[in-house]
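Below is one structure, written out as structure tokens, with a few remarks after it.
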Amino acid sequence: MIINRQNYQIWITDYYDGQLDDFQTDVLMDFLGRNPDIMSEFEDYAELVLRPDDKAAYNNAGLLRSPEELTNEQVEHYAIAHSENDLSEKQKQEITELKKTDPRFREYINIYEKIRLRPENITYPYKLSLLKIPDRRRHIRIVVNSMSVAASVAIITGLFFIFNPKGKEPVNDYLAEDTRILTESGQKNDEKVPLLDLTDELPRHIAPKTQLNITVPVRTTEIITAEPHDVPQRALIQIPPLAAKGNIRLDKSQTQYLLAEIEPYQVSLPDDILNETDMSVREFLAYQFRKQILHNEDPDIDNLKAWEIADAGIKGANLLLGWNMELDAIKNEEGRLENISFTSELIKFDHRLKKNDQGL
Amino acid sequence: MTPQEYNKAVEEYSDRIYRFVLKSMGEEERSKDIVQDCYEKLWMNVGEIEFSKAKAWLFSTAHNAMIDIVRKEKRIITDDTPREDIYEQGYTDLNEILHKCLGNLSEAWRSVILLRDYEGYSYREIGEITGQSEAQVKINIYRARMAMRKMIGKIEIVV
């Protein structure tokens, strides 16, 4: 700031407050030399500065306190400040002296130095799932995931053809010539009922000896298969028309035949499943998927989860390509899926599931 | 922050954040979710946050997430009365006793004590994380320490 006649008072005030350095003082003095009228004002200003009255004194003897008069809470406060390193060096020295004479200081300082938490050895278990994969690895991961999906589709398609060996051909072609269809009233009905011929596809050790005579209710119509002598070594299984939606249920016999298709040498279901009066197609598929493809020792019939299909895909890719990928699903004690981890030679990742991710 | 620095932040701080949240909340599953959310947010802002500030940012985000939950559930625990059950439960190690006492503190006190003792943060840094003034942090720490001392009760255990 350049001194002039408008701001010289600020300079004078700063001068008497000791705020001006040597150079600024010279500037002020030079200005005053050139403005003698202001010089007198400058000299008068000195008279306006108050000086402490040395004669005024207060008898403070009554205010003085000794450390012994400190309450426990105050001592405690000093002890905390000491342990928190909030004291200046001088204060620390003073407290050190007090520790020697006042046992309360010793005690509380000792206590508060110990009341400090030591970190427990706790680690975040899903650290890997937080890491971000570099671009190159991400591309590999996308390729692997795509292959897994493709393999899953292949498996599902395969399953479909296992259960529907003649799926592409019209089922009506397999109507037995002398199949009788009776209505509830016992009258003959010419309505054609779709039949599924499984004779050629039945396991060899069953088909020749088995003479099936299965009755399946279709709406209000009762269907009776042909007499064994009319269709030697042929068996017709009739299934109700499949609706596009809804939970279609299979009875025990149908379940056994479907099972015979995919597992010729073990045509029985475990007791707990067999004891059920019937099971839905979905449950059957889920059970067989887990048992045959995922090789679960104790498969259940709950809905298939996305990760199980992906796991099947990965297993399929391993078989086809000789890779060694693995998908692990970790459940907690309550059976809730907690974490899915993928390992392979190239990449490895963890995905921790939140509570609302259970659809996986 | 680069993706590499983000991964470094995961390696270096995820355990600390998890420990802080777990000790503050006491709920394992929810703590894991909060850590995951914090890092998701960090990744979303990876270009804007400097690595040098990532740790404080993560603690601050985790703390805010906890406060939201506390407010939502209106959980208020302020209790500094001595707990005899601490001894009845057979805790003998002082650190165990202290952690038990920590669980009885209010959320506000617990957070500042954890940040101070576990992470060694200064009053100013704790203030930045928790949104309190430096003076308020200091007062909370002092009060929390006194409360813990009272909870321990039996001084001969500590001395």
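Going by the structure tokens order, chains are called A, B, ..., each with residues numbered from 1, while ligands are numbered from 1 in the order shown.
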Exercise answer, chain A residues close to chain B, 12 Å and only C-alpha atoms, as number ranges by chain: A: 72-86, 106-135, 332, 336, 338-339, 351-357
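Close contacts of Thr61 (chain B), defined as residues with an atom at most 12 Å away when counting only C-alpha atoms, with chain neighbours fewer than 3 positions off set aside, comprise B:Ile17, B:Phe20, B:Val21, B:Ile34, B:Val35, B:Gln36, B:Asp37, B:Cys38, B:Tyr39, B:Glu40, B:Lys41, B:Leu42, B:Ala54, B:Lys55, B:Ala56, B:Trp57, B:Leu58, B:Asn64, B:Ala65, B:Met66, B:Ile67, B:Asp68, B:Glu128, B:Ile129, B:Thr130, B:Gly131.
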Nearest candidate to Ile155 (chain A) (options A:Gln292, A:Gln91, A:Asn4, A:Thr25; using only C-alpha atoms): A:Gln292
Counting only C-alpha atoms, the option among A:Met1, A:Leu70, A:Ala329, A:Asp53 closest to Leu28 (chain A):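 Smallest distance to Leu28 (chain A) is found for A:Met1.
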Test item: residues at most 9 Å from Glu50 (chain B), only C-alpha atoms, excluding those fewer than 4 positions along its chain, as a list of chain:residue names: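 Once the adjacent positions are removed, what remains is B:Met1, B:Thr2, B:Val46, B:Ala54.
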Sel. of helix (DSSP H, G or I) residues, region 36-141 of chain A, as a PyMOL selection string: chain A and resi 36-48+60-62+67-69+72-83+89-101+103-114+127-130+135-141
